[in-house]
Amino acid sequence: MTALMKIQTFIQAYAQAISSILESDVTVVDNELIRVAGTGNYAVEIGNTIAHANFFDGILRTGESGIITNVAEDPNCIGCEKRAYCKELANLAYPIFKNGVVVGVISIIAFQEKQRETLLKNRPQLEEFLKYMTMLLESKLYTSEAKDRLEQQLQVVHDDNKVWSFVGKSQKMQEAIAIGQKVAKSNSTVFLRGESGTGKEIMAKMIHDLSQRRDKLMISINCAAIPENLVESELFGYEEGAFTGAKKKGAIGKFELADKSTIFLDEIGDMPLPVQTKLLRVLQESKLERIGGQKTIPIDIRVICATNKDIKQMVEEGTFREDLYYRLNIIPIELPPLRKRKEDIPSLVEYYIEYYNQKLGKHIRGISSEGMETLVNYDWPGNVRELKNIIEYFANIVEGEEVQLADLPDHIVLRSARGYETWSLDKIMEEYEKRVLTNMIREESTVEDKEHLADTLQISRATLYRKLKKYNLL
C-alpha cells in the first residue's frame, strides 16, 4: 500500500474541500497511478488504475507541475483511447512530495468551459495554492507515519505484555495452569499465591490474555514498591488541590486506567490497612472517588492479586482485613516453588539457554551431567527467577559450548550437597581447587602474572604450573 493510499479517507475529504472552495473538480493519484481520491466524474473511479496517464507519469518522473490547456491538442493526450470523447477540458497538476521523493499528484480539472477559463486565467495563483496544499499533505504523511511507528511500538509493548509461557510438565504446575485457563473468561477475582519468582505475574498475564478483556492493556501495580503515603493516590487518583504537591489538574489512578480491563495488584499483603478499607468499598460498589473528589466514578474491572505472604496469618495478626481477604480469595491459585517441581528444571534450563543464545548471540549447547545434577539438587530459594538469572550468568561468562560444573557459582555448588553424594573427598577437593584456579587465572596471563599468583597462593611456581596443566588451564 502506497503512502497516499494509507491516508485515503483523509485525502478524499481533503479533495472534496478543495473542490468546494475552487468550484472545480479535484483528483489525486499515487506513484502507482492509482486514483486515491476524486470528485465529480472521478468520484466513482477511486481505487482504479489510470489507463492512459502520460501527463501524470511525466509529473511523477520530473517532480514538476504541469498543465493541459486543450485535450484535443496536447501531446500527452495522443494515443489515449478516450481522447475523442474526453470530458476534461483542462488539467492543472502539482506533484506531492515526501522526503524529497514524488509520491503522487494532485490536480484541478475543468469539465466546463467557464472552469477552464478560470483555471487558465488564475494559473499562477492556483499553482501556488496547490503547492501549499501539497505541503499540508506532506505534513499529514509525516504525521501518519509517526502515528504508525507509535502504534507499532505500542503493539510491541502490548505484545511483550502478552508473552507468557510456562515451561515444564510437573503436575502441580499443570494443575495451576489448568485452573487459570478455566477461570480466564469469567470476571471473578483471582488470588495468586506463591513464593517470589514462581511466576505469579506471568500467570496474571495468561489469565488476562485469555479473557474477553485482552484487547486492553493489563494495568499492573506493585503495592510493595509504592511509599505508604502514596498508595491511595496511585490506586484511586486525586483532584486538584487534594494535598500539598498535587498536580494542578489532578491525576487519574490505576483503577480508572484499568476500566474495562484487568488490574493486577502484586504484593497485596503490603497494602496499608487504611487503603485496604477503601479497596474493599471499591470492589463491592464497582465505583470510586478520587482523593479530594466529590463525585463517584463507575469502573468495570477484573482484579487479579498476588502475594508471597501468609495472608491467613496476617488476618489473625490484624495486619490484613478479614473481610477484604474473603472478598479477594474467590479463586485461589497456588504456584508451586521450583524445589517442589524439580522435574521441570532440565526443561527450564534448556529453554533459558536457547533464550539467551538468541538474545546474546551465544552458542551454548547445554550443561554437563554433573552440572545439571547440581542444579537439580539445589533448592532455588529465588525460584524460576533465580534460575533464569543463573542461565544469563552462564551466557555471559562461559566461553565453551557446554557449561561445566566448574562454571557454576560457588553458592550453588556448596548448597547442592546432594550433587556430591557419589564423590570421594579427594574428588570434591580437586573440583574446588579447579574452581579456585579457574577464577584466578586468565587465558592471557603472562609469566609474571603466574609467578605473582604462585606467590599469592603461597605455593611454588612448579606446583602452580603442575596444577594448571592438570586442569587444562595453561
# chains A, B, ... in the order shown; residues from 1 in each chain; ligands from 1
call {"tool": "select_by_dssp", "arguments": {"residues": "range 160-253 of chain A", "states": "alpha helix (DSSP H)", "output": "PyMOL selection string"}}
result
chain A and resi 160-162+171-183+200-209+231-236
call {"tool": "select_by_dssp", "arguments": {"residues": "range 138-312 of chain A", "states": "strand (DSSP E or B)", "output": "PyMOL selection string"}}
result
chain A and resi 190-193+219-222+238+251+262-266+287-288+291+297-298+302-307
call {"tool": "atom_distance", "arguments": {"atom1": "CA of Leu408 in chain A", "atom2": "CA of Leu437 in chain A"}}
result
13.9 Å
call {"tool": "closest_atom_pairs", "arguments": {"of": "range 319-432 of chain A", "to": "range 198-209 of chain A", "cutoff": "10 Å", "atoms": "only C-alpha atoms", "output": "Markdown table"}}
result
| residue | atom | partner | partner_atom | distance |
| --- | --- | --- | --- | --- |
| A:Ile333 | CA | A:Lys200 | CA | 9.3 |
| A:Glu334 | CA | A:Lys200 | CA | 9.0 |
| A:Leu335 | CA | A:Thr198 | CA | 6.3 |
| A:Pro336 | CA | A:Thr198 | CA | 6.8 |
| A:Pro337 | CA | A:Thr198 | CA | 5.8 |
| A:Leu338 | CA | A:Thr198 | CA | 7.1 |
| A:Gly382 | CA | A:Thr198 | CA | 8.1 |
| A:Asn383 | CA | A:Thr198 | CA | 5.7 |
| A:Val384 | CA | A:Thr198 | CA | 5.8 |
| A:Arg385 | CA | A:Thr198 | CA | 7.2 |
| A:Glu386 | CA | A:Thr198 | CA | 9.7 |
call {"tool": "write_last_selection", "arguments": {"atoms": "N, CA and C atoms", "output": "CSV table (one decimal), in the first residue's frame"}}
result
chain,number,residue,atom,x,y,z
A,333,ILE,N,-5.2,-19.5,43.5
A,333,ILE,CA,-4.4,-20.4,42.7
A,333,ILE,C,-3.0,-20.4,43.3
A,334,GLU,N,-2.5,-21.6,43.7
A,334,GLU,CA,-1.2,-21.7,44.3
A,334,GLU,C,-0.2,-22.1,43.3
A,335,LEU,N,0.9,-21.3,43.2
A,335,LEU,CA,2.0,-21.6,42.3
A,335,LEU,C,3.1,-22.3,43.0
A,336,PRO,N,3.5,-23.5,42.7
A,336,PRO,CA,4.5,-24.2,43.5
A,336,PRO,C,5.9,-23.6,43.3
A,337,PRO,N,6.7,-23.7,44.4
A,337,PRO,CA,8.1,-23.3,44.3
A,337,PRO,C,8.9,-24.3,43.4
A,338,LEU,N,10.0,-23.8,42.9
A,338,LEU,CA,10.8,-24.7,42.0
A,338,LEU,C,11.3,-25.9,42.7
A,382,GLY,N,15.2,-18.5,45.2
A,382,GLY,CA,14.7,-17.5,44.3
A,382,GLY,C,13.8,-18.0,43.2
A,383,ASN,N,13.6,-19.3,43.2
A,383,ASN,CA,12.7,-20.0,42.2
A,383,ASN,C,13.1,-19.8,40.8
A,384,VAL,N,12.2,-19.7,39.8
A,384,VAL,CA,12.5,-19.6,38.4
A,384,VAL,C,13.2,-18.4,38.1
A,385,ARG,N,12.9,-17.3,38.8
A,385,ARG,CA,13.7,-16.0,38.5
A,385,ARG,C,15.1,-16.2,38.8
A,386,GLU,N,15.5,-16.9,39.8
A,386,GLU,CA,16.9,-17.1,40.2
A,386,GLU,C,17.5,-18.0,39.1
call {"tool": "residues_around", "arguments": {"residues": "range 118-133 of chain A", "least_positions_apart": "5", "cutoff": "8 Å", "atoms": "only C-alpha atoms", "output": "list in words"}}
result
Ser65, Thr69, Ala90, Leu92, Tyr94, Ile106 and Ala110 of chain A
call {"tool": "residues_around", "arguments": {"residues": "Val275 in chain A", "least_positions_apart": "4", "cutoff": "10 Å", "atoms": "only C-alpha atoms", "output": "ChimeraX atom specification"}}
result
/A:228-229,231-233,235-236,271,279-281
call {"tool": "atom_distance", "arguments": {"atom1": "CA of Ser19 in chain A", "atom2": "CA of Ile108 in chain A"}}
result
8.1 Å
call {"tool": "residues_around", "arguments": {"residues": "Glu448 in chain A", "least_positions_apart": "6", "cutoff": "12 Å", "atoms": "only C-alpha atoms", "output": "number ranges by chain"}}
result
A: 454-455, 461
call {"tool": "residues_around", "arguments": {"residues": "Glu32 in chain A", "least_positions_apart": "5", "cutoff": "10 Å", "atoms": "only C-alpha atoms", "output": "list in words"}}
result
Met1, Thr2, Thr49, Ile50, Asp57, Leu60, Val103 and Gly104 of chain A
call {"tool": "write_last_selection", "arguments": {"atoms": "all heavy atoms", "output": "PDB file, in the first residue's frame"}}
result
ATOM      1  N   MET A   1       0.841  -1.193   0.000  1.00  0.00           N
ATOM      2  CA  MET A   1       0.000   0.000   0.000  1.00  0.00           C
ATOM      3  C   MET A   1       0.876   1.243   0.000  1.00  0.00           C
ATOM      4  O   MET A   1       1.808   1.356   0.780  1.00  0.00           O
ATOM      5  CB  MET A   1      -0.917   0.009   1.243  1.00  0.00           C
ATOM      6  CG  MET A   1      -1.886   1.189   1.275  1.00  0.00           C
ATOM      7  SD  MET A   1      -2.956   1.191   2.738  1.00  0.00           S
ATOM      8  CE  MET A   1      -3.954  -0.266   2.416  1.00  0.00           C
ATOM      9  N   THR A   2       0.565   2.170  -0.906  1.00  0.00           N
ATOM     10  CA  THR A   2       1.376   3.382  -1.014  1.00  0.00           C
ATOM     11  C   THR A   2       1.102   4.324   0.145  1.00  0.00           C
ATOM     12  O   THR A   2       0.103   4.198   0.853  1.00  0.00           O
ATOM     13  CB  THR A   2       1.079   4.108  -2.333  1.00  0.00           C
ATOM     14  OG1 THR A   2      -0.294   4.509  -2.348  1.00  0.00           O
ATOM     15  CG2 THR A   2       1.376   3.229  -3.532  1.00  0.00           C
ATOM     16  N   THR A  49      -6.771   2.014 -11.501  1.00  0.00           N
ATOM     17  CA  THR A  49      -5.541   2.488 -12.135  1.00  0.00           C
ATOM     18  C   THR A  49      -5.897   3.317 -13.365  1.00  0.00           C
ATOM     19  O   THR A  49      -6.789   2.934 -14.141  1.00  0.00           O
ATOM     20  CB  THR A  49      -4.658   1.306 -12.556  1.00  0.00           C
ATOM     21  OG1 THR A  49      -4.343   0.528 -11.405  1.00  0.00           O
ATOM     22  CG2 THR A  49      -3.358   1.788 -13.191  1.00  0.00           C
ATOM     23  N   ILE A  50      -5.214   4.433 -13.550  1.00  0.00           N
ATOM     24  CA  ILE A  50      -5.463   5.301 -14.689  1.00  0.00           C
ATOM     25  C   ILE A  50      -4.922   4.617 -15.943  1.00  0.00           C
ATOM     26  O   ILE A  50      -3.740   4.253 -16.008  1.00  0.00           O
ATOM     27  CB  ILE A  50      -4.799   6.674 -14.494  1.00  0.00           C
ATOM     28  CG1 ILE A  50      -5.408   7.355 -13.262  1.00  0.00           C
ATOM     29  CG2 ILE A  50      -4.982   7.540 -15.724  1.00  0.00           C
ATOM     30  CD1 ILE A  50      -4.746   8.651 -12.899  1.00  0.00           C
ATOM     31  N   ASP A  57       2.233  10.662 -15.355  1.00  0.00           N
ATOM     32  CA  ASP A  57       3.503   9.936 -15.294  1.00  0.00           C
ATOM     33  C   ASP A  57       4.688  10.885 -15.459  1.00  0.00           C
ATOM     34  O   ASP A  57       5.714  10.754 -14.786  1.00  0.00           O
ATOM     35  CB  ASP A  57       3.529   8.871 -16.400  1.00  0.00           C
ATOM     36  CG  ASP A  57       4.714   7.931 -16.248  1.00  0.00           C
ATOM     37  OD1 ASP A  57       4.941   7.439 -15.120  1.00  0.00           O
ATOM     38  OD2 ASP A  57       5.416   7.700 -17.243  1.00  0.00           O
ATOM     39  N   LEU A  60       5.235  12.706 -12.189  1.00  0.00           N
ATOM     40  CA  LEU A  60       5.857  11.796 -11.210  1.00  0.00           C
ATOM     41  C   LEU A  60       7.356  11.653 -11.473  1.00  0.00           C
ATOM     42  O   LEU A  60       8.157  11.562 -10.545  1.00  0.00           O
ATOM     43  CB  LEU A  60       5.185  10.420 -11.265  1.00  0.00           C
ATOM     44  CG  LEU A  60       3.763  10.326 -10.699  1.00  0.00           C
ATOM     45  CD1 LEU A  60       3.127   8.988 -11.046  1.00  0.00           C
ATOM     46  CD2 LEU A  60       3.768  10.518  -9.178  1.00  0.00           C
ATOM     47  N   VAL A 103       5.518  11.245  -4.471  1.00  0.00           N
ATOM     48  CA  VAL A 103       4.707  10.083  -4.095  1.00  0.00           C
ATOM     49  C   VAL A 103       3.312  10.142  -4.702  1.00  0.00           C
ATOM     50  O   VAL A 103       2.517   9.209  -4.537  1.00  0.00           O
ATOM     51  CB  VAL A 103       4.594   9.965  -2.557  1.00  0.00           C
ATOM     52  CG1 VAL A 103       5.948   9.666  -1.939  1.00  0.00           C
ATOM     53  CG2 VAL A 103       3.980  11.228  -1.948  1.00  0.00           C
ATOM     54  N   GLY A 104       3.015  11.258  -5.425  1.00  0.00           N
ATOM     55  CA  GLY A 104       1.700  11.355  -6.033  1.00  0.00           C
ATOM     56  C   GLY A 104       1.511  12.687  -6.739  1.00  0.00           C
ATOM     57  O   GLY A 104       2.428  13.508  -6.816  1.00  0.00           O
TER      58      GLY A 104
END
call {"tool": "atom_distance", "arguments": {"atom1": "CA of Glu402 in chain A", "atom2": "CA of Lys427 in chain A"}}
result
20.8 Å
